[in-house]
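Just protein.tsv here, TSV, C-alpha atoms:
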```
chain	number	residue	atom	x	y	z
A	11	MET	CA	164.40	30.04	110.31
A	12	SER	CA	165.41	33.20	108.41
A	13	PRO	CA	169.08	34.20	108.78
A	14	SER	CA	169.86	36.58	111.62
A	15	SER	CA	171.49	39.20	109.39
A	16	LEU	CA	168.24	39.43	107.40
A	17	ASP	CA	166.14	39.70	110.57
A	18	GLU	CA	168.49	42.37	111.88
A	19	LEU	CA	168.21	44.36	108.64
A	20	ILE	CA	164.41	44.20	108.73
A	21	GLU	CA	164.41	45.28	112.39
A	22	ALA	CA	166.89	48.10	111.68
A	23	LEU	CA	164.74	49.45	108.81
A	24	ARG	CA	161.92	50.01	111.31
A	25	CYS	CA	163.80	52.98	112.77
A	26	LEU	CA	162.63	54.89	109.68
A	27	PRO	CA	159.52	57.01	110.36
A	28	GLY	CA	156.31	55.44	109.04
A	29	VAL	CA	157.88	52.04	108.36
A	30	GLY	CA	156.13	49.06	109.99
A	31	PRO	CA	157.03	45.34	109.94
A	32	LYS	CA	155.56	44.61	106.49
A	33	SER	CA	157.17	47.64	104.83
A	34	ALA	CA	160.51	46.86	106.47
A	35	GLN	CA	160.36	43.30	105.11
A	36	ARG	CA	159.47	44.54	101.63
A	37	MET	CA	162.30	47.08	101.75
A	38	ALA	CA	164.84	44.48	102.88
A	39	TYR	CA	163.93	42.03	100.10
A	40	HIS	CA	163.92	44.81	97.54
A	41	LEU	CA	167.39	46.01	98.57
A	42	LEU	CA	168.94	42.53	98.72
A	43	GLN	CA	167.29	41.15	95.61
A	44	ARG	CA	166.96	44.10	93.27
A	45	ASP	CA	169.18	46.95	94.41
A	46	GLN	CA	172.32	45.83	96.20
A	47	ARG	CA	174.15	48.85	94.79
A	48	GLY	CA	171.51	51.16	96.29
A	49	ALA	CA	171.78	49.33	99.61
A	50	GLU	CA	175.52	49.77	99.67
A	51	ARG	CA	175.17	53.43	98.78
A	52	LEU	CA	172.61	53.93	101.58
A	53	SER	CA	174.83	52.18	104.12
A	54	LYS	CA	177.76	54.40	103.21
A	55	ALA	CA	175.68	57.59	103.02
A	56	LEU	CA	174.34	56.94	106.53
A	57	ALA	CA	177.78	56.26	107.96
A	58	HIS	CA	179.29	59.28	106.19
A	59	ALA	CA	176.48	61.65	107.26
A	60	LEU	CA	176.77	60.48	110.87
A	61	ALA	CA	180.53	60.97	110.75
A	62	VAL	CA	180.71	64.45	109.21
A	63	LEU	CA	177.42	66.25	109.91
A	64	ARG	CA	177.15	68.47	112.96
A	65	HIS	CA	175.17	71.56	113.94
A	66	CYS	CA	176.32	75.00	112.71
A	67	ALA	CA	177.66	76.94	115.69
A	68	ARG	CA	175.59	79.98	114.64
A	69	CYS	CA	172.33	78.81	113.05
A	70	ASN	CA	172.16	75.26	114.44
A	71	THR	CA	171.30	73.63	111.10
A	72	PHE	CA	173.16	70.59	109.79
A	73	CYS	CA	176.55	71.43	108.28
A	74	GLU	CA	179.91	69.81	107.73
A	75	GLY	CA	182.19	72.46	109.21
A	76	GLU	CA	182.10	74.72	112.27
A	77	ILE	CA	179.86	77.32	110.58
A	78	CYS	CA	177.61	76.74	107.56
A	79	ASP	CA	178.09	78.50	104.20
A	80	ARG	CA	175.04	80.70	104.73
A	81	CYS	CA	176.16	82.03	108.13
A	82	ALA	CA	179.67	82.61	106.75
A	83	SER	CA	178.39	84.53	103.69
A	84	PRO	CA	179.09	88.32	103.68
A	85	ARG	CA	176.15	88.85	101.30
A	86	ARG	CA	173.47	88.00	103.89
A	87	ASP	CA	171.95	90.71	106.13
A	88	SER	CA	173.31	89.81	109.57
A	89	HIS	CA	170.87	92.19	111.31
A	90	LEU	CA	167.93	89.89	110.62
A	91	LEU	CA	167.55	86.49	112.29
A	92	CYS	CA	164.69	84.24	111.23
A	93	VAL	CA	163.76	81.39	113.60
A	94	VAL	CA	162.36	78.20	112.04
A	95	GLU	CA	161.57	74.75	113.37
A	96	MET	CA	163.34	72.52	110.85
A	97	PRO	CA	165.80	72.70	107.92
A	98	VAL	CA	162.92	72.02	105.48
A	99	ASP	CA	161.26	75.24	106.68
A	100	LEU	CA	164.49	77.14	106.03
A	101	ALA	CA	164.63	75.62	102.54
A	102	MET	CA	161.06	76.75	101.84
A	103	LEU	CA	161.82	80.32	102.97
A	104	GLU	CA	164.92	80.39	100.77
A	105	GLN	CA	162.85	79.31	97.78
A	106	THR	CA	160.71	82.45	98.10
A	107	HIS	CA	163.79	84.67	97.42
A	108	ALA	CA	162.00	87.18	99.70
A	109	TYR	CA	164.49	87.07	102.57
A	110	ASN	CA	168.20	87.82	102.70
A	111	GLY	CA	168.85	87.64	106.46
A	112	LEU	CA	170.21	84.79	108.54
A	113	TYR	CA	168.45	81.91	110.27
A	114	PHE	CA	168.27	79.97	113.49
A	115	VAL	CA	166.98	76.41	113.15
A	116	LEU	CA	165.40	75.06	116.36
A	117	MET	CA	165.53	71.45	115.12
A	118	GLY	CA	162.15	70.89	116.70
A	119	ARG	CA	159.49	72.76	118.67
A	120	LEU	CA	158.28	73.06	122.24
A	121	SER	CA	156.10	70.09	123.04
A	122	PRO	CA	155.42	69.83	126.80
A	123	LEU	CA	153.38	66.63	126.35
A	124	ASP	CA	156.43	64.94	124.81
A	125	GLY	CA	158.72	66.34	127.51
A	126	ILE	CA	160.32	68.90	125.17
A	127	GLY	CA	160.61	72.16	127.12
A	128	PRO	CA	162.84	75.23	126.58
A	129	ARG	CA	165.87	73.38	127.98
A	130	GLU	CA	165.40	70.25	125.83
A	131	LEU	CA	164.97	72.43	122.74
A	132	GLY	CA	168.16	74.35	123.65
A	133	LEU	CA	166.60	77.82	123.58
A	134	GLU	CA	169.60	79.24	125.51
A	135	LYS	CA	171.64	78.79	122.29
A	136	LEU	CA	169.08	80.91	120.40
A	137	VAL	CA	169.04	83.56	123.17
A	138	ALA	CA	172.83	83.79	123.07
A	139	ARG	CA	172.76	84.10	119.27
A	140	ALA	CA	170.00	86.74	119.26
A	141	THR	CA	171.77	88.89	121.87
A	142	ASP	CA	175.26	88.76	120.35
A	143	GLY	CA	175.08	92.45	119.34
A	144	THR	CA	174.67	92.14	115.56
A	145	VAL	CA	171.05	90.96	115.42
A	146	LYS	CA	168.55	93.86	115.28
A	147	GLU	CA	165.36	91.91	114.69
A	148	VAL	CA	164.30	88.32	115.26
A	149	ILE	CA	161.57	87.04	112.93
A	150	LEU	CA	159.64	84.11	114.35
A	151	ALA	CA	158.72	81.73	111.51
A	152	THR	CA	157.67	78.64	113.42
A	153	ASN	CA	154.61	76.80	112.08
A	154	PHE	CA	151.08	78.02	112.84
A	155	THR	CA	150.26	74.80	114.62
A	156	ASN	CA	149.55	74.80	118.35
A	157	GLU	CA	153.09	73.71	119.18
A	158	GLY	CA	154.61	76.20	116.73
A	159	GLU	CA	152.55	79.04	118.23
A	160	VAL	CA	153.56	78.10	121.78
A	161	THR	CA	157.18	77.97	120.65
A	162	ALA	CA	156.95	81.42	119.01
A	163	HIS	CA	155.23	82.87	122.08
A	164	THR	CA	157.86	81.49	124.49
A	165	ILE	CA	160.78	82.69	122.36
A	166	GLY	CA	159.12	86.11	122.01
A	167	GLU	CA	158.84	86.45	125.79
A	168	LEU	CA	162.44	85.36	126.34
A	169	LEU	CA	163.87	87.77	123.76
A	170	ARG	CA	161.72	90.81	124.57
A	171	ALA	CA	162.81	90.45	128.21
A	172	ARG	CA	166.36	90.97	126.90
A	173	GLY	CA	165.42	94.00	124.80
A	174	VAL	CA	165.44	92.25	121.43
A	175	LYS	CA	162.96	93.39	118.75
A	176	VAL	CA	160.80	90.41	117.83
A	177	SER	CA	158.33	89.96	114.95
A	178	ARG	CA	156.14	87.12	113.77
A	179	ILE	CA	155.53	86.24	110.12
A	180	ALA	CA	151.99	87.17	109.06
A	181	ARG	CA	149.24	84.63	109.38
A	182	GLY	CA	149.10	84.44	105.62
A	183	LEU	CA	149.40	80.73	106.12
A	184	PRO	CA	146.16	78.89	106.88
A	185	VAL	CA	145.53	78.18	110.56
A	186	GLY	CA	146.96	74.77	111.41
A	187	GLY	CA	149.12	74.86	108.27
A	188	GLU	CA	152.77	73.94	108.04
A	189	LEU	CA	155.54	75.72	106.11
A	190	GLU	CA	156.72	72.51	104.55
A	191	HIS	CA	153.46	72.03	102.69
A	192	SER	CA	152.72	75.63	101.65
A	193	ASP	CA	153.32	77.34	98.32
A	194	THR	CA	156.12	79.88	98.06
A	195	GLY	CA	153.75	82.75	97.21
A	196	THR	CA	151.89	82.37	100.52
A	197	ILE	CA	155.15	82.12	102.45
A	198	ALA	CA	156.57	85.22	100.72
A	199	GLN	CA	153.40	87.15	101.63
A	200	ALA	CA	153.68	86.04	105.24
A	201	LEU	CA	157.30	87.24	105.36
A	202	LEU	CA	156.39	90.67	103.94
A	203	GLU	CA	153.48	91.16	106.34
A	204	ARG	CA	155.30	90.25	109.51
A	205	ARG	CA	154.10	92.27	112.53
A	206	PRO	CA	155.61	93.14	115.94
A	207	ALA	CA	155.09	90.23	118.36
A	208	GLN	CA	152.32	91.05	120.86
A	209	ASP	CA	153.16	91.20	124.54
A	210	ALA	CA	150.94	88.68	126.31
A	211	SER	CA	150.88	90.82	129.50
A	212	ARG	CA	148.97	93.61	127.72
B	21	MET	CA	173.23	75.36	100.28
B	22	SER	CA	172.61	72.14	102.25
B	23	PRO	CA	175.72	70.05	102.93
B	24	SER	CA	176.54	67.42	100.33
B	25	SER	CA	176.57	64.54	102.82
B	26	LEU	CA	172.96	65.40	103.73
B	27	ASP	CA	171.92	65.64	100.07
B	28	GLU	CA	173.63	62.33	99.39
B	29	LEU	CA	171.81	60.66	102.30
B	30	ILE	CA	168.44	61.98	101.09
B	31	GLU	CA	169.21	60.76	97.56
B	32	ALA	CA	170.38	57.36	98.84
B	33	LEU	CA	167.17	56.87	100.87
B	34	ARG	CA	165.21	57.09	97.62
B	35	CYS	CA	166.43	53.62	96.64
B	36	LEU	CA	163.86	52.30	99.16
B	37	PRO	CA	160.60	51.21	97.49
B	38	GLY	CA	157.79	53.76	97.85
B	39	VAL	CA	160.04	56.53	99.15
B	40	GLY	CA	159.85	59.82	97.20
B	41	PRO	CA	161.79	63.08	97.68
B	42	LYS	CA	159.65	64.39	100.58
B	43	SER	CA	159.68	61.10	102.49
B	44	ALA	CA	163.43	60.75	101.96
B	45	GLN	CA	163.99	64.24	103.37
B	46	ARG	CA	161.77	63.51	106.37
B	47	MET	CA	163.58	60.21	106.99
B	48	ALA	CA	167.01	61.86	106.79
B	49	TYR	CA	166.11	64.60	109.29
B	50	HIS	CA	164.49	62.06	111.60
B	51	LEU	CA	167.56	59.82	111.59
B	52	LEU	CA	170.06	62.65	112.06
B	53	GLN	CA	168.07	64.61	114.61
B	54	ARG	CA	166.18	62.01	116.60
B	55	ASP	CA	167.65	58.58	116.03
B	56	GLN	CA	171.39	58.61	115.31
B	57	ARG	CA	171.70	55.25	117.04
B	58	GLY	CA	169.05	53.79	114.73
B	59	ALA	CA	170.84	55.29	111.72
B	60	GLU	CA	174.12	53.72	112.76
B	61	ARG	CA	172.41	50.39	113.33
B	62	LEU	CA	170.78	50.56	109.89
B	63	SER	CA	174.07	51.43	108.20
B	64	LYS	CA	175.78	48.45	109.82
B	65	ALA	CA	172.86	46.06	109.24
B	66	LEU	CA	172.89	46.92	105.53
B	67	ALA	CA	176.64	46.45	105.21
B	68	HIS	CA	176.55	43.20	107.21
B	69	ALA	CA	173.62	41.76	105.26
B	70	LEU	CA	175.31	42.60	101.95
B	71	ALA	CA	178.52	40.98	103.16
B	72	VAL	CA	177.16	37.70	104.53
B	73	LEU	CA	173.85	36.96	102.79
B	74	ARG	CA	173.83	34.77	99.70
B	75	HIS	CA	171.39	32.40	98.03
B	76	CYS	CA	171.02	28.85	99.39
B	77	ALA	CA	172.52	26.44	96.86
B	78	ARG	CA	169.44	24.23	97.11
B	79	CYS	CA	166.36	26.41	97.70
B	80	ASN	CA	167.70	29.79	96.49
B	81	THR	CA	166.41	31.76	99.50
B	82	PHE	CA	168.63	34.14	101.45
B	83	CYS	CA	170.99	32.38	103.85
B	84	GLU	CA	174.36	32.92	105.45
B	85	GLY	CA	176.05	29.61	104.60
B	86	GLU	CA	176.19	27.34	101.56
B	87	ILE	CA	172.88	25.64	102.39
B	88	CYS	CA	170.10	27.03	104.60
B	89	ASP	CA	168.99	25.39	107.86
B	90	ARG	CA	165.74	24.19	106.34
B	91	CYS	CA	167.36	22.42	103.38
B	92	ALA	CA	169.93	20.86	105.73
B	93	SER	CA	167.28	19.59	108.18
B	94	PRO	CA	166.74	15.78	108.21
B	95	ARG	CA	163.21	16.30	109.55
B	96	ARG	CA	161.81	17.78	106.34
B	97	ASP	CA	160.29	15.57	103.62
B	98	SER	CA	162.83	15.82	100.78
B	99	HIS	CA	160.42	14.20	98.28
B	100	LEU	CA	158.26	17.34	98.17
B	101	LEU	CA	159.45	20.61	96.63
B	102	CYS	CA	157.23	23.68	96.89
B	103	VAL	CA	157.99	26.56	94.49
B	104	VAL	CA	157.21	30.09	95.71
B	105	GLU	CA	157.95	33.56	94.35
B	106	MET	CA	159.47	35.27	97.39
B	107	PRO	CA	160.76	34.48	100.90
B	108	VAL	CA	157.65	36.13	102.40
B	109	ASP	CA	155.52	33.52	100.61
B	110	LEU	CA	157.66	30.76	102.11
B	111	ALA	CA	157.20	32.33	105.54
B	112	MET	CA	153.41	32.38	105.08
B	113	LEU	CA	153.35	28.70	104.08
B	114	GLU	CA	155.48	27.80	107.11
B	115	GLN	CA	153.04	29.60	109.38
B	116	THR	CA	150.25	27.24	108.28
B	117	HIS	CA	152.14	24.23	109.75
B	118	ALA	CA	150.45	22.29	106.92
B	119	TYR	CA	153.59	21.48	104.94
B	120	ASN	CA	156.75	19.61	105.89
B	121	GLY	CA	158.53	19.40	102.53
B	122	LEU	CA	161.25	21.61	101.09
B	123	TYR	CA	161.04	24.80	99.04
B	124	PHE	CA	162.44	26.54	96.02
B	125	VAL	CA	162.27	30.33	96.11
B	126	LEU	CA	162.22	31.93	92.64
B	127	MET	CA	163.08	35.40	94.04
B	128	GLY	CA	160.66	36.88	91.53
B	129	ARG	CA	158.28	35.82	88.79
B	130	LEU	CA	158.18	35.72	85.01
B	131	SER	CA	157.34	39.18	83.73
B	132	PRO	CA	157.93	39.45	79.96
B	133	LEU	CA	156.92	43.12	79.92
B	134	ASP	CA	159.74	43.89	82.38
B	135	GLY	CA	162.18	41.71	80.43
B	136	ILE	CA	162.16	38.92	83.02
B	137	GLY	CA	162.02	35.64	81.10
B	138	PRO	CA	162.93	32.07	82.12
B	139	ARG	CA	166.65	32.82	81.80
B	140	GLU	CA	166.54	36.05	83.85
B	141	LEU	CA	164.56	34.26	86.56
B	142	GLY	CA	167.13	31.42	86.56
B	143	LEU	CA	164.64	28.60	85.98
B	144	GLU	CA	167.48	26.24	85.01
B	145	LYS	CA	168.49	26.20	88.69
B	146	LEU	CA	164.96	25.05	89.61
B	147	VAL	CA	164.95	22.41	86.83
B	148	ALA	CA	168.28	21.05	88.06
B	149	ARG	CA	166.99	20.94	91.65
B	150	ALA	CA	163.67	19.27	90.69
B	151	THR	CA	165.40	16.56	88.63
B	152	ASP	CA	168.14	15.70	91.14
B	153	GLY	CA	166.56	12.32	91.88
B	154	THR	CA	165.15	12.91	95.37
B	155	VAL	CA	162.19	15.13	94.47
B	156	LYS	CA	159.02	13.16	93.72
B	157	GLU	CA	156.54	16.01	93.44
B	158	VAL	CA	156.85	19.72	92.73
B	159	ILE	CA	154.08	21.88	94.19
B	160	LEU	CA	153.65	25.20	92.39
B	161	ALA	CA	152.69	27.88	94.93
B	162	THR	CA	153.25	31.04	92.95
B	163	ASN	CA	150.65	33.79	93.38
B	164	PHE	CA	147.32	33.67	91.55
B	165	THR	CA	148.10	36.90	89.75
B	166	ASN	CA	148.58	36.93	85.98
B	167	GLU	CA	152.36	36.85	86.32
B	168	GLY	CA	152.23	34.14	88.99
B	169	GLU	CA	149.95	31.98	86.80
B	170	VAL	CA	152.22	32.40	83.77
B	171	THR	CA	155.19	31.47	85.94
B	172	ALA	CA	153.45	28.33	87.27
B	173	HIS	CA	152.36	27.33	83.76
B	174	THR	CA	155.88	27.73	82.32
B	175	ILE	CA	157.51	25.80	85.16
B	176	GLY	CA	154.86	23.07	84.85
B	177	GLU	CA	155.64	22.64	81.14
B	178	LEU	CA	159.40	22.54	81.76
B	179	LEU	CA	159.18	19.94	84.52
B	180	ARG	CA	156.55	17.69	82.97
B	181	ALA	CA	158.73	17.50	79.84
B	182	ARG	CA	161.39	15.99	82.11
B	183	GLY	CA	158.99	13.50	83.69
B	184	VAL	CA	158.52	15.31	87.01
B	185	LYS	CA	155.15	15.13	88.75
B	186	VAL	CA	153.82	18.66	89.13
B	187	SER	CA	150.87	19.99	91.15
B	188	ARG	CA	149.39	23.43	91.73
B	189	ILE	CA	148.04	24.63	95.08
B	190	ALA	CA	144.25	24.88	94.97
B	191	ARG	CA	142.63	28.12	93.97
B	192	GLY	CA	141.44	28.55	97.51
B	193	LEU	CA	142.96	31.97	97.32
B	194	PRO	CA	140.83	34.66	95.72
B	195	VAL	CA	141.60	35.33	92.05
B	196	GLY	CA	144.18	38.11	91.80
B	197	GLY	CA	145.15	37.55	95.43
B	198	GLU	CA	148.69	37.31	96.80
B	199	LEU	CA	150.05	34.87	99.39
B	200	GLU	CA	151.65	37.64	101.40
B	201	HIS	CA	148.29	39.20	102.22
B	202	SER	CA	146.19	36.06	102.79
B	203	ASP	CA	145.18	34.42	106.05
B	204	THR	CA	146.86	31.16	107.04
B	205	GLY	CA	143.58	29.17	106.97
B	206	THR	CA	143.03	29.92	103.29
B	207	ILE	CA	146.62	29.07	102.46
B	208	ALA	CA	146.44	25.77	104.37
B	209	GLN	CA	143.28	24.86	102.44
B	210	ALA	CA	144.97	25.66	99.14
B	211	LEU	CA	147.90	23.40	100.08
B	212	LEU	CA	145.61	20.47	100.99
B	213	GLU	CA	143.55	20.77	97.81
B	214	ARG	CA	146.43	20.91	95.37
B	215	ARG	CA	145.65	19.22	92.04
B	216	PRO	CA	147.76	17.74	89.22
B	217	ALA	CA	148.93	20.53	86.90
B	218	GLN	CA	146.92	20.48	83.64
B	219	ASP	CA	148.71	19.84	80.40
B	220	ALA	CA	148.00	22.80	78.10
B	221	SER	CA	148.33	20.57	74.97
B	222	ARG	CA	145.27	18.55	75.97
```
Would you write out, as structure tokens, the structure that this file holds?
Amino acid sequence: MSPSSLDELIEALRCLPGVGPKSAQRMAYHLLQRDQRGAERLSKALAHALAVLRHCARCNTFCEGEICDRCASPRRDSHLLCVVEMPVDLAMLEQTHAYNGLYFVLMGRLSPLDGIGPRELGLEKLVARATDGTVKEVILATNFTNEGEVTAHTIGELLRARGVKVSRIARGLPVGGELEHSDTGTIAQALLERRPAQDASR
Amino acid sequence: MSPSSLDELIEALRCLPGVGPKSAQRMAYHLLQRDQRGAERLSKALAHALAVLRHCARCNTFCEGEICDRCASPRRDSHLLCVVEMPVDLAMLEQTHAYNGLYFVLMGRLSPLDGIGPRELGLEKLVARATDGTVKEVILATNFTNEGEVTAHTIGELLRARGVKVSRIARGLPVGGELEHSDTGTIAQALLERRPAQDASR
């Protein structure tokens, strides 16, 4: 007997990660009863973000123009390209102030069990970026999880086959750890101690 | 360096209850990267709900017209009025199939420490509804928490002073328990065993 617009709102809230039926209901009542201004702001922020955000043509992260501010900056070292899984990882690396190169954001990781292979992840865009003539070294900074390691390994193989110098950030991070949840000191150390990526055929 | 529309979305997501900065960031990336359709649906559902939902003129719950379907139904017993805190509580009572009267949804509870007194809660709307001539008994079904008990006591005093018969659902629910998280059997029992509200002056 509850109105359809309320049911639809509760159902729509379930698209948020980690939100089940009870949480969605609680969120809907909270927004409608206690924070209509917040609800309106969220509705508009979602619509606006969907309308204006796209992927930077060079680093693939979210940006509002063709190329993001970082890629367009003349003060960054364009010879270095650091590959990360997600924008949060990029943000963590930036917080260390230990890196002044550019980035490539995969927006995910290889995950064969979920059907995400090199094509689904769009690795050809990374290969094109890494072989554009300006990049002298690609630093692989994917997570040290199984999927992150497989991703780093696959990218390393692809780029070495094209004559690109590839390194991996040091395993200063704990095994199984994720960039997002590490402290900046550990991440800075891992950046400094990066080593040449090993060739699996040796 | 992240685009302002992304920052704004992350900030806007924090209006959701229980969502901190990290969760908001995770939600934003998830929506933009993996579920743009869900994000669009959520944006529209929020805007639509804000536009069409209002409070039923009789029971105060969310509805899309002047009066909700339940209050307009000729098959409900209009002599009984059950007072609950939130729409979820109403939904739980309905699931018991043990009650065929009407409801009044407070959309909250008295909470003096948060500055929510009888006026802020809009108890005059309940008093007007309970004394409109058709209601013969008001059943107080607020939670058995401290705030719910204070709310029931205050409403009981107000209505008895106006000659309205008032009862309280039985304490079949555990002390400190909330309707939303109880099983339907316990709630049905509490409805059946309701008792006349005690006069505090005696």
Residue neighbourhood Phe164 (chain B), 12 Å, only C-alpha atoms, exclusion window fewer than 3 positions, as a PyMOL selection string: chain B and resi 104-105+129+160-161+167-173+188-200+202+207+210
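Interatomic distance, CA of Thr154 (chain B) to CA of Asn80 (chain B): 17.1 Å.
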Set out as a tab-separated table a contact list for chain B and chain A with a cut-off of 6 Å, giving each residue of chain B that qualifies its closest atom pair and distance in Å to one decimal, counting all atoms listed in the file, ordered by chain and rising residue number.
```
residue	atom	partner	partner_atom	distance
B:Pro23	CA	A:Cys73	CA	5.6
B:Ser25	CA	A:Ala59	CA	5.3
B:Leu29	CA	A:Ala55	CA	5.0
B:Ala32	CA	A:Leu52	CA	4.9
B:Cys35	CA	A:Gly48	CA	5.7
B:Gly58	CA	A:Cys25	CA	5.7
B:Leu62	CA	A:Ala22	CA	4.9
B:Ser63	CA	A:Ser53	CA	4.2
B:Ala65	CA	A:Leu19	CA	5.0
B:Leu66	CA	A:Ser53	CA	5.8
B:Ala69	CA	A:Ser15	CA	5.3
B:Cys83	CA	A:Pro13	CA	5.6
```
For CA of Tyr119 (chain B) and CA of Ser98 (chain B), the interatomic separation in Å (one decimal): 11.6 Å
Please check which residues have atoms at most 9 Å from (165.4, 87.9, 111.4) in the file's coordinates, counting all atoms listed in the file, and write them as a PDB file with C-alpha atoms, in the coordinates of the input.
```pdb
ATOM      1  CA  ASP A  87     171.950  90.710 106.130  1.00  0.00           C
ATOM      2  CA  SER A  88     173.310  89.810 109.570  1.00  0.00           C
ATOM      3  CA  HIS A  89     170.870  92.190 111.310  1.00  0.00           C
ATOM      4  CA  LEU A  90     167.930  89.890 110.620  1.00  0.00           C
ATOM      5  CA  LEU A  91     167.550  86.490 112.290  1.00  0.00           C
ATOM      6  CA  CYS A  92     164.690  84.240 111.230  1.00  0.00           C
ATOM      7  CA  VAL A  93     163.760  81.390 113.600  1.00  0.00           C
ATOM      8  CA  TYR A 109     164.490  87.070 102.570  1.00  0.00           C
ATOM      9  CA  GLY A 111     168.850  87.640 106.460  1.00  0.00           C
ATOM     10  CA  LEU A 112     170.210  84.790 108.540  1.00  0.00           C
ATOM     11  CA  TYR A 113     168.450  81.910 110.270  1.00  0.00           C
ATOM     12  CA  PHE A 114     168.270  79.970 113.490  1.00  0.00           C
ATOM     13  CA  VAL A 145     171.050  90.960 115.420  1.00  0.00           C
ATOM     14  CA  LYS A 146     168.550  93.860 115.280  1.00  0.00           C
ATOM     15  CA  GLU A 147     165.360  91.910 114.690  1.00  0.00           C
ATOM     16  CA  VAL A 148     164.300  88.320 115.260  1.00  0.00           C
ATOM     17  CA  ILE A 149     161.570  87.040 112.930  1.00  0.00           C
ATOM     18  CA  LEU A 150     159.640  84.110 114.350  1.00  0.00           C
ATOM     19  CA  VAL A 176     160.800  90.410 117.830  1.00  0.00           C
ATOM     20  CA  SER A 177     158.330  89.960 114.950  1.00  0.00           C
TER      21      SER A 177
END
```
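Remark: for Asn110 (chain A), the closest of the candidate residues A:Glu134, A:Arg129, A:Ala207, A:Pro84 is A:Pro84 (distances computed over all atoms listed in the file).
Residues lying at most 12 Å from (158.7, 15.9, 84.5) in file coordinates, with all atoms listed in the file considered, are Val147, Ala148, Ala150, Thr151, Asp152, Gly153, Val155, Lys156, Glu157, Val158, Ile175, Gly176, Glu177, Leu178, Leu179, Arg180, Ala181, Arg182, Gly183, Val184, Lys185, Val186, Ser187, Ala217 and Asp219 of chain B.
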Atom-to-atom span, CA of Cys69 (chain A) and CA of Pro206 (chain A), Å: 22.2 Å
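Checking B:Ala77, B:Leu113, B:Leu211, B:Val39 one by one against Lys145 (chain B), counting all atoms listed in the file, you find the shortest gap at B:Ala77.
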Could you rebuild region 176-188 of chain B with N, CA and C atoms and give me the result as a PDB file, in the coordinates of the input?
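part-v1.pdb, written as the output of this step:
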```pdb
ATOM      1  N   GLY B 176     155.551  24.354  85.015  1.00  0.00           N
ATOM      2  CA  GLY B 176     154.860  23.070  84.850  1.00  0.00           C
ATOM      3  C   GLY B 176     155.251  22.400  83.537  1.00  0.00           C
ATOM      4  N   GLU B 177     155.251  23.179  82.449  1.00  0.00           N
ATOM      5  CA  GLU B 177     155.640  22.640  81.140  1.00  0.00           C
ATOM      6  C   GLU B 177     157.068  22.105  81.162  1.00  0.00           C
ATOM      7  N   LEU B 178     157.983  22.917  81.712  1.00  0.00           N
ATOM      8  CA  LEU B 178     159.400  22.540  81.760  1.00  0.00           C
ATOM      9  C   LEU B 178     159.602  21.234  82.511  1.00  0.00           C
ATOM     10  N   LEU B 179     158.928  21.095  83.663  1.00  0.00           N
ATOM     11  CA  LEU B 179     159.180  19.940  84.520  1.00  0.00           C
ATOM     12  C   LEU B 179     158.470  18.685  84.009  1.00  0.00           C
ATOM     13  N   ARG B 180     157.248  18.861  83.494  1.00  0.00           N
ATOM     14  CA  ARG B 180     156.550  17.690  82.970  1.00  0.00           C
ATOM     15  C   ARG B 180     157.312  17.091  81.798  1.00  0.00           C
ATOM     16  N   ALA B 181     157.933  17.971  80.976  1.00  0.00           N
ATOM     17  CA  ALA B 181     158.730  17.500  79.840  1.00  0.00           C
ATOM     18  C   ALA B 181     159.892  16.635  80.312  1.00  0.00           C
ATOM     19  N   ARG B 182     160.295  16.791  81.555  1.00  0.00           N
ATOM     20  CA  ARG B 182     161.390  15.990  82.110  1.00  0.00           C
ATOM     21  C   ARG B 182     160.881  14.881  83.025  1.00  0.00           C
ATOM     22  N   GLY B 183     159.556  14.619  82.951  1.00  0.00           N
ATOM     23  CA  GLY B 183     158.990  13.500  83.690  1.00  0.00           C
ATOM     24  C   GLY B 183     158.776  13.745  85.177  1.00  0.00           C
ATOM     25  N   VAL B 184     158.732  15.017  85.590  1.00  0.00           N
ATOM     26  CA  VAL B 184     158.520  15.310  87.010  1.00  0.00           C
ATOM     27  C   VAL B 184     157.037  15.511  87.274  1.00  0.00           C
ATOM     28  N   LYS B 185     156.549  14.928  88.366  1.00  0.00           N
ATOM     29  CA  LYS B 185     155.150  15.130  88.750  1.00  0.00           C
ATOM     30  C   LYS B 185     154.977  16.538  89.303  1.00  0.00           C
ATOM     31  N   VAL B 186     154.000  17.256  88.748  1.00  0.00           N
ATOM     32  CA  VAL B 186     153.820  18.660  89.130  1.00  0.00           C
ATOM     33  C   VAL B 186     152.390  18.894  89.597  1.00  0.00           C
ATOM     34  N   SER B 187     152.212  19.607  90.710  1.00  0.00           N
ATOM     35  CA  SER B 187     150.870  19.990  91.150  1.00  0.00           C
ATOM     36  C   SER B 187     150.818  21.487  91.419  1.00  0.00           C
ATOM     37  N   ARG B 188     149.590  22.001  91.501  1.00  0.00           N
ATOM     38  CA  ARG B 188     149.390  23.430  91.730  1.00  0.00           C
ATOM     39  C   ARG B 188     148.535  23.568  92.990  1.00  0.00           C
TER      40      ARG B 188
END
```
